[in-house]
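Undergrad: Got a structure for you, written out below as C-alpha cells; questions coming shortly.
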Amino acid sequence: MWCHTGYQMRISGFLVWALCFVAAAASAQGSDARVLEHTKWRLVEINGSRLALPDGVAFTITLEGDSYLLSGCNLVSGKLRIESQRLVFIGPARSTKKACSSAIEAADVAFSSLTSANPTYRIDQDGLTLVSQSGTRWVMAKEPLASKRAKTKFIYIAADKKDCVGMFPTKCLQIRESKSEPWKLLYWGIEGFDYVPGIEYRLRIKEDQVPRPLQDQASVVWYLDAIIEQSVVDRAAADEYLRSKKR
C-alpha cells in the first residue's frame, strides 16, 4: 500500500512538473508573440553576409496580428500564425510584380523566400533572427513603427530639395498628395525613409499625432510604410550622391 501510494505521488509529481513545463513554454511563446505583435524589422544579413543595397532601398517585414507585409522590390502580404517558436506563413500571398534591378534581384528573391520557409525565430533585444529548416538565416533589426491609431497617407516626394528655414536654414523635401497639386515644403523628416536626390518617389506613410509637441516642434510624425513607386528623374544627381556616400 505504501509503495502504491509512493508511486502515485511520484506520478503526480511528474504530472505537475510536466504541466508547469508546458505552461512555461506556452507563456514564453505567448510572450514572444506579444513582442512580435505590431513590429517592423529591417533585413541586415543573410547567411552571415551583410546586405549591400543601393541607398534608399530596404527590405522590411511588418507583423500585425495574423497578417504580415514584406516590403522590398515588391510588396508581399498575407496571413501567418505563430506556433512552436516558428512563423508559419499561410498562403496564398498577394504580391506586386515589379521588375527588380539586378542590384537587388537576388536579395529580393532570398527575402521573399521567407514565406515558404516557415522559419523558427529568436528575439534578442532589438534583433530578430529567422532560420529555415534548410539552415537559411535572416538577421533583422527593429525599425520605428507608427501606432495602431496612425492615419495612412499616400504622398509624392520630388526629386530635389529646396531651401527652407525652420529652426535654422536647411533644405526641405518637397511633397504633394496628388500630381495635380503644387509641391510644398516638408519641415520634418520621415522615419525609416532614406532619400536619394534625383529620384522621385510615391510613398505610403503613417501619420501619428505628437501628444504634447514642444515649441517649434511638428505636431505630427511620419513613418515610412512602403515605397509604392520610384523613378529616376536626374541620373547625374543620383549617381553623384551615391559616389559621395562611398568616399
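Identifiers in the C-alpha cells: chain A, B, ... in order shown; residue index from 1 per chain; ligand index from 1 in order shown.
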Can you pull out every residue within 12 Å of stretch 203-211 of chain A, counting only C-alpha atoms, but drop anything in the same chain fewer than 6 positions away, and send it as a ChimeraX atom specification?

TA: /A:71,75,144-158,175-178,189-195,217-230

Undergrad: Would you write out those residues with N, CA and C atoms, as a compact mmCIF listing (two decimals), in the first residue's frame?

TA:
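Once written, out.txt looks like this:
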```txt
# COMPACT_ATOMS: atom_id res chain seq x y z
N SER A 71 8.22 44.18 -47.57
CA SER A 71 8.44 45.31 -48.46
C SER A 71 9.88 45.29 -48.94
N LEU A 75 6.02 44.22 -52.98
CA LEU A 75 5.27 44.10 -51.74
C LEU A 75 4.59 42.73 -51.71
N PRO A 144 11.53 51.75 -36.43
CA PRO A 144 10.42 52.52 -35.84
C PRO A 144 9.11 52.18 -36.55
N LEU A 145 8.02 52.20 -35.80
CA LEU A 145 6.71 51.88 -36.37
C LEU A 145 5.65 52.78 -35.74
N ALA A 146 4.77 53.27 -36.58
CA ALA A 146 3.69 54.14 -36.08
C ALA A 146 2.74 53.35 -35.19
N SER A 147 1.97 54.08 -34.40
CA SER A 147 0.98 53.43 -33.55
C SER A 147 -0.17 52.89 -34.39
N LYS A 148 -0.99 52.06 -33.76
CA LYS A 148 -2.14 51.49 -34.47
C LYS A 148 -3.18 52.56 -34.79
N ARG A 149 -3.11 53.70 -34.13
CA ARG A 149 -4.07 54.79 -34.37
C ARG A 149 -3.63 55.69 -35.52
N ALA A 150 -2.45 55.46 -36.06
CA ALA A 150 -1.91 56.33 -37.11
C ALA A 150 -2.76 56.29 -38.38
N LYS A 151 -2.82 57.42 -39.06
CA LYS A 151 -3.56 57.51 -40.32
C LYS A 151 -2.64 57.13 -41.49
N THR A 152 -3.22 56.52 -42.50
CA THR A 152 -2.47 56.16 -43.71
C THR A 152 -2.62 57.27 -44.75
N LYS A 153 -1.49 57.65 -45.34
CA LYS A 153 -1.50 58.66 -46.40
C LYS A 153 -0.60 58.20 -47.55
N PHE A 154 -0.88 58.71 -48.73
CA PHE A 154 -0.02 58.50 -49.89
C PHE A 154 0.51 59.85 -50.33
N ILE A 155 1.82 59.94 -50.50
CA ILE A 155 2.43 61.22 -50.89
C ILE A 155 3.46 60.99 -51.98
N TYR A 156 3.71 62.05 -52.75
CA TYR A 156 4.80 62.08 -53.72
C TYR A 156 5.95 62.88 -53.13
N ILE A 157 7.17 62.46 -53.39
CA ILE A 157 8.38 63.17 -52.98
C ILE A 157 9.11 63.62 -54.24
N ALA A 158 9.42 64.92 -54.34
CA ALA A 158 10.11 65.45 -55.52
C ALA A 158 11.55 64.95 -55.56
N ILE A 175 6.83 67.84 -51.17
CA ILE A 175 5.82 66.78 -51.19
C ILE A 175 4.52 67.28 -51.81
N ARG A 176 3.69 66.35 -52.21
CA ARG A 176 2.31 66.63 -52.59
C ARG A 176 1.54 65.31 -52.53
N GLU A 177 0.22 65.41 -52.40
CA GLU A 177 -0.59 64.21 -52.27
C GLU A 177 -1.17 63.75 -53.60
N SER A 178 -1.19 64.62 -54.59
CA SER A 178 -1.62 64.22 -55.94
C SER A 178 -0.80 64.98 -56.97
N GLY A 189 11.14 65.24 -41.00
CA GLY A 189 11.58 64.08 -41.75
C GLY A 189 10.53 62.97 -41.79
N ILE A 190 10.90 61.88 -42.43
CA ILE A 190 10.04 60.70 -42.50
C ILE A 190 10.83 59.53 -41.92
N GLU A 191 10.39 59.01 -40.79
CA GLU A 191 11.10 57.93 -40.13
C GLU A 191 11.21 56.71 -41.04
N GLY A 192 12.44 56.20 -41.18
CA GLY A 192 12.66 54.99 -41.98
C GLY A 192 12.84 55.23 -43.47
N PHE A 193 12.80 56.50 -43.89
CA PHE A 193 12.92 56.81 -45.32
C PHE A 193 14.30 57.41 -45.61
N ASP A 194 15.02 56.80 -46.55
CA ASP A 194 16.33 57.28 -46.98
C ASP A 194 16.19 57.92 -48.36
N TYR A 195 16.21 59.23 -48.38
CA TYR A 195 16.01 59.99 -49.62
C TYR A 195 17.28 60.01 -50.45
N GLN A 217 8.11 72.43 -32.56
CA GLN A 217 8.15 71.02 -32.94
C GLN A 217 6.90 70.70 -33.74
N ALA A 218 7.03 69.84 -34.73
CA ALA A 218 5.88 69.43 -35.53
C ALA A 218 4.86 68.70 -34.66
N SER A 219 3.58 68.87 -34.98
CA SER A 219 2.52 68.23 -34.21
C SER A 219 2.25 66.80 -34.67
N VAL A 220 2.91 66.39 -35.75
CA VAL A 220 2.76 65.02 -36.26
C VAL A 220 4.13 64.44 -36.55
N VAL A 221 4.19 63.11 -36.61
CA VAL A 221 5.40 62.42 -37.04
C VAL A 221 5.00 61.43 -38.12
N TRP A 222 5.82 61.34 -39.17
CA TRP A 222 5.53 60.46 -40.30
C TRP A 222 6.49 59.26 -40.29
N TYR A 223 5.93 58.09 -40.60
CA TYR A 223 6.71 56.87 -40.71
C TYR A 223 6.53 56.28 -42.11
N LEU A 224 7.62 55.85 -42.70
CA LEU A 224 7.52 55.16 -43.99
C LEU A 224 6.84 53.82 -43.79
N ASP A 225 5.78 53.59 -44.55
CA ASP A 225 5.09 52.29 -44.52
C ASP A 225 5.52 51.44 -45.72
N ALA A 226 5.62 52.06 -46.89
CA ALA A 226 6.06 51.33 -48.08
C ALA A 226 6.42 52.32 -49.18
N ILE A 227 7.41 51.96 -50.00
CA ILE A 227 7.71 52.71 -51.23
C ILE A 227 6.87 52.10 -52.33
N ILE A 228 5.91 52.86 -52.83
CA ILE A 228 4.99 52.35 -53.84
C ILE A 228 5.60 52.45 -55.24
N GLU A 229 6.23 53.58 -55.51
CA GLU A 229 6.87 53.79 -56.81
C GLU A 229 8.13 54.63 -56.61
N GLN A 230 9.09 54.47 -57.50
CA GLN A 230 10.23 55.37 -57.54
C GLN A 230 10.76 55.40 -58.97
```

Undergrad: Where does DSSP see strand (DSSP E or B) in stretch 58-176 of chain A, if you list the residues as a PDB file with C-alpha atoms, in the first residue's frame?

TA:
```pdb
ATOM      1  CA  THR A  60      11.421  45.020 -44.235  1.00  0.00           C
ATOM      2  CA  ILE A  61       8.756  42.804 -42.714  1.00  0.00           C
ATOM      3  CA  THR A  62       5.884  44.231 -40.675  1.00  0.00           C
ATOM      4  CA  LEU A  63       3.933  41.926 -38.345  1.00  0.00           C
ATOM      5  CA  GLU A  64       0.420  42.958 -37.377  1.00  0.00           C
ATOM      6  CA  SER A  67      -1.014  39.489 -41.036  1.00  0.00           C
ATOM      7  CA  TYR A  68       2.388  40.336 -42.486  1.00  0.00           C
ATOM      8  CA  LEU A  69       3.784  42.694 -45.115  1.00  0.00           C
ATOM      9  CA  LEU A  70       7.129  42.150 -46.827  1.00  0.00           C
ATOM     10  CA  SER A  71       8.440  45.313 -48.460  1.00  0.00           C
ATOM     11  CA  LEU A  75       5.267  44.100 -51.739  1.00  0.00           C
ATOM     12  CA  VAL A  76       4.139  40.693 -50.450  1.00  0.00           C
ATOM     13  CA  SER A  77       1.298  40.383 -47.962  1.00  0.00           C
ATOM     14  CA  GLY A  78      -0.667  37.554 -46.404  1.00  0.00           C
ATOM     15  CA  LYS A  79      -1.557  35.723 -43.218  1.00  0.00           C
ATOM     16  CA  LEU A  80       0.592  33.964 -40.637  1.00  0.00           C
ATOM     17  CA  ARG A  81       0.407  32.326 -37.237  1.00  0.00           C
ATOM     18  CA  ILE A  82       2.982  31.724 -34.517  1.00  0.00           C
ATOM     19  CA  GLU A  83       3.386  28.207 -33.177  1.00  0.00           C
ATOM     20  CA  ARG A  86       8.016  29.273 -35.598  1.00  0.00           C
ATOM     21  CA  LEU A  87       6.461  31.752 -38.041  1.00  0.00           C
ATOM     22  CA  VAL A  88       4.010  29.812 -40.171  1.00  0.00           C
ATOM     23  CA  PHE A  89       3.042  31.693 -43.328  1.00  0.00           C
ATOM     24  CA  ILE A  90      -0.426  30.776 -44.589  1.00  0.00           C
ATOM     25  CA  GLY A  91      -0.948  31.011 -48.324  1.00  0.00           C
ATOM     26  CA  PRO A  92      -1.810  32.254 -50.776  1.00  0.00           C
ATOM     27  CA  ALA A  93       0.113  35.522 -50.545  1.00  0.00           C
ATOM     28  CA  ARG A  94      -0.567  38.647 -52.572  1.00  0.00           C
ATOM     29  CA  SER A  95       2.352  40.246 -54.372  1.00  0.00           C
ATOM     30  CA  THR A 120      11.983  29.448 -36.367  1.00  0.00           C
ATOM     31  CA  TYR A 121      12.586  32.776 -34.678  1.00  0.00           C
ATOM     32  CA  ARG A 122      14.688  34.195 -31.862  1.00  0.00           C
ATOM     33  CA  ILE A 123      14.303  37.676 -30.400  1.00  0.00           C
ATOM     34  CA  ASP A 124      17.391  39.350 -28.943  1.00  0.00           C
ATOM     35  CA  GLY A 127      17.226  41.968 -33.197  1.00  0.00           C
ATOM     36  CA  LEU A 128      15.216  39.176 -34.807  1.00  0.00           C
ATOM     37  CA  THR A 129      16.838  36.028 -36.245  1.00  0.00           C
ATOM     38  CA  LEU A 130      14.852  33.704 -38.501  1.00  0.00           C
ATOM     39  CA  VAL A 131      16.159  30.261 -39.502  1.00  0.00           C
ATOM     40  CA  ARG A 137      19.381  32.520 -41.700  1.00  0.00           C
ATOM     41  CA  TRP A 138      17.879  36.001 -41.909  1.00  0.00           C
ATOM     42  CA  VAL A 139      19.042  38.590 -39.345  1.00  0.00           C
ATOM     43  CA  MET A 140      16.913  41.703 -38.861  1.00  0.00           C
ATOM     44  CA  ALA A 141      17.000  44.932 -36.870  1.00  0.00           C
ATOM     45  CA  LYS A 142      13.961  46.570 -35.312  1.00  0.00           C
ATOM     46  CA  GLU A 143      12.609  49.643 -37.094  1.00  0.00           C
ATOM     47  CA  LYS A 151      -3.556  57.509 -40.322  1.00  0.00           C
ATOM     48  CA  THR A 152      -2.470  56.160 -43.708  1.00  0.00           C
ATOM     49  CA  LYS A 153      -1.496  58.660 -46.398  1.00  0.00           C
ATOM     50  CA  PHE A 154      -0.025  58.495 -49.890  1.00  0.00           C
ATOM     51  CA  ILE A 155       2.426  61.218 -50.887  1.00  0.00           C
ATOM     52  CA  TYR A 156       4.805  62.080 -53.722  1.00  0.00           C
ATOM     53  CA  ILE A 157       8.378  63.173 -52.981  1.00  0.00           C
ATOM     54  CA  LYS A 162      14.505  73.296 -51.740  1.00  0.00           C
ATOM     55  CA  ASP A 163      15.997  75.865 -49.361  1.00  0.00           C
ATOM     56  CA  CYS A 164      13.852  76.414 -46.296  1.00  0.00           C
ATOM     57  CA  VAL A 165      14.085  77.859 -42.800  1.00  0.00           C
ATOM     58  CA  PRO A 169      18.370  77.348 -42.617  1.00  0.00           C
ATOM     59  CA  THR A 170      18.376  73.926 -44.288  1.00  0.00           C
ATOM     60  CA  LYS A 171      16.936  72.092 -47.281  1.00  0.00           C
ATOM     61  CA  CYS A 172      13.496  70.504 -47.164  1.00  0.00           C
ATOM     62  CA  LEU A 173      11.813  67.700 -49.042  1.00  0.00           C
ATOM     63  CA  GLN A 174       9.059  68.719 -51.455  1.00  0.00           C
ATOM     64  CA  ILE A 175       5.819  66.778 -51.185  1.00  0.00           C
ATOM     65  CA  ARG A 176       2.305  66.626 -52.592  1.00  0.00           C
TER      66      ARG A 176
END
```

Undergrad: One decimal, Å: what's the distance from atom CA of A:Ser84 over to atom CA of A:Arg42, could you say?

TA: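 Answer for the atom CA of A:Ser84 to atom CA of A:Arg42 separation: 23.3 Å.
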
Undergrad: Please report the interatomic distance between atom CA of A:Ser102 and atom CA of A:Gly72 in Å with one decimal.

TA: 13.4 Å

Undergrad: One decimal, in Å: what's the spacing between atom CA of A:Asp126 and atom CA of A:Val196?

TA: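 Separating atom CA of A:Asp126 from atom CA of A:Val196 is a distance of 26.5 Å.
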
Undergrad: Between A:Val233, A:Val109, A:Leu51, A:Ala238, single out the one closest to A:Cys73, counting only C-alpha atoms.

TA: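 Counting only C-alpha atoms, the residue closest to A:Cys73 is A:Val109.
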
Undergrad: What parts of stretch 12-184 of chain A does DSSP call alpha helix (DSSP H)? I'd like the answer as a PyMOL selection string.

TA: chain A and resi 12-36+102-112+114-117

Undergrad: Restrict the selected residues to C-alpha atoms and save them as a PDB file, in the first residue's frame.

TA:
```
ATOM      1  CA  SER A  12       1.529  13.158  -9.558  1.00  0.00           C
ATOM      2  CA  GLY A  13       4.806  14.999  -9.085  1.00  0.00           C
ATOM      3  CA  PHE A  14       5.853  14.234 -12.660  1.00  0.00           C
ATOM      4  CA  LEU A  15       2.496  15.423 -13.994  1.00  0.00           C
ATOM      5  CA  VAL A  16       2.787  18.666 -12.028  1.00  0.00           C
ATOM      6  CA  TRP A  17       6.319  19.190 -13.384  1.00  0.00           C
ATOM      7  CA  ALA A  18       5.173  18.405 -16.945  1.00  0.00           C
ATOM      8  CA  LEU A  19       2.214  20.767 -16.676  1.00  0.00           C
ATOM      9  CA  CYS A  20       4.461  23.518 -15.304  1.00  0.00           C
ATOM     10  CA  PHE A  21       6.953  22.960 -18.151  1.00  0.00           C
ATOM     11  CA  VAL A  22       4.207  23.127 -20.789  1.00  0.00           C
ATOM     12  CA  ALA A  23       2.719  26.217 -19.135  1.00  0.00           C
ATOM     13  CA  ALA A  24       6.135  27.906 -19.002  1.00  0.00           C
ATOM     14  CA  ALA A  25       6.799  27.085 -22.671  1.00  0.00           C
ATOM     15  CA  ALA A  26       3.372  28.366 -23.678  1.00  0.00           C
ATOM     16  CA  SER A  27       3.931  31.511 -21.617  1.00  0.00           C
ATOM     17  CA  ALA A  28       7.315  32.117 -23.249  1.00  0.00           C
ATOM     18  CA  GLN A  29       5.832  31.588 -26.704  1.00  0.00           C
ATOM     19  CA  GLY A  30       2.924  33.886 -25.861  1.00  0.00           C
ATOM     20  CA  SER A  31       5.370  36.476 -24.569  1.00  0.00           C
ATOM     21  CA  ASP A  32       7.416  36.358 -27.785  1.00  0.00           C
ATOM     22  CA  ALA A  33       4.213  36.543 -29.826  1.00  0.00           C
ATOM     23  CA  ARG A  34       3.252  39.698 -27.933  1.00  0.00           C
ATOM     24  CA  VAL A  35       6.726  41.123 -28.511  1.00  0.00           C
ATOM     25  CA  LEU A  36       6.371  40.465 -32.254  1.00  0.00           C
ATOM     26  CA  SER A 102      19.993  43.434 -60.988  1.00  0.00           C
ATOM     27  CA  ALA A 103      21.491  45.087 -57.881  1.00  0.00           C
ATOM     28  CA  ILE A 104      18.657  43.888 -55.662  1.00  0.00           C
ATOM     29  CA  GLU A 105      17.024  40.997 -57.525  1.00  0.00           C
ATOM     30  CA  ALA A 106      18.949  38.239 -55.675  1.00  0.00           C
ATOM     31  CA  ALA A 107      18.227  39.835 -52.280  1.00  0.00           C
ATOM     32  CA  ASP A 108      14.558  40.232 -53.186  1.00  0.00           C
ATOM     33  CA  VAL A 109      14.239  36.547 -54.100  1.00  0.00           C
ATOM     34  CA  ALA A 110      16.061  35.458 -50.906  1.00  0.00           C
ATOM     35  CA  PHE A 111      13.908  37.742 -48.789  1.00  0.00           C
ATOM     36  CA  SER A 112      10.623  36.676 -50.375  1.00  0.00           C
ATOM     37  CA  LEU A 114      10.668  33.636 -46.155  1.00  0.00           C
ATOM     38  CA  THR A 115       7.021  32.982 -46.970  1.00  0.00           C
ATOM     39  CA  SER A 116       7.710  29.358 -47.930  1.00  0.00           C
ATOM     40  CA  ALA A 117      10.327  28.686 -45.226  1.00  0.00           C
TER      41      ALA A 117
END
```
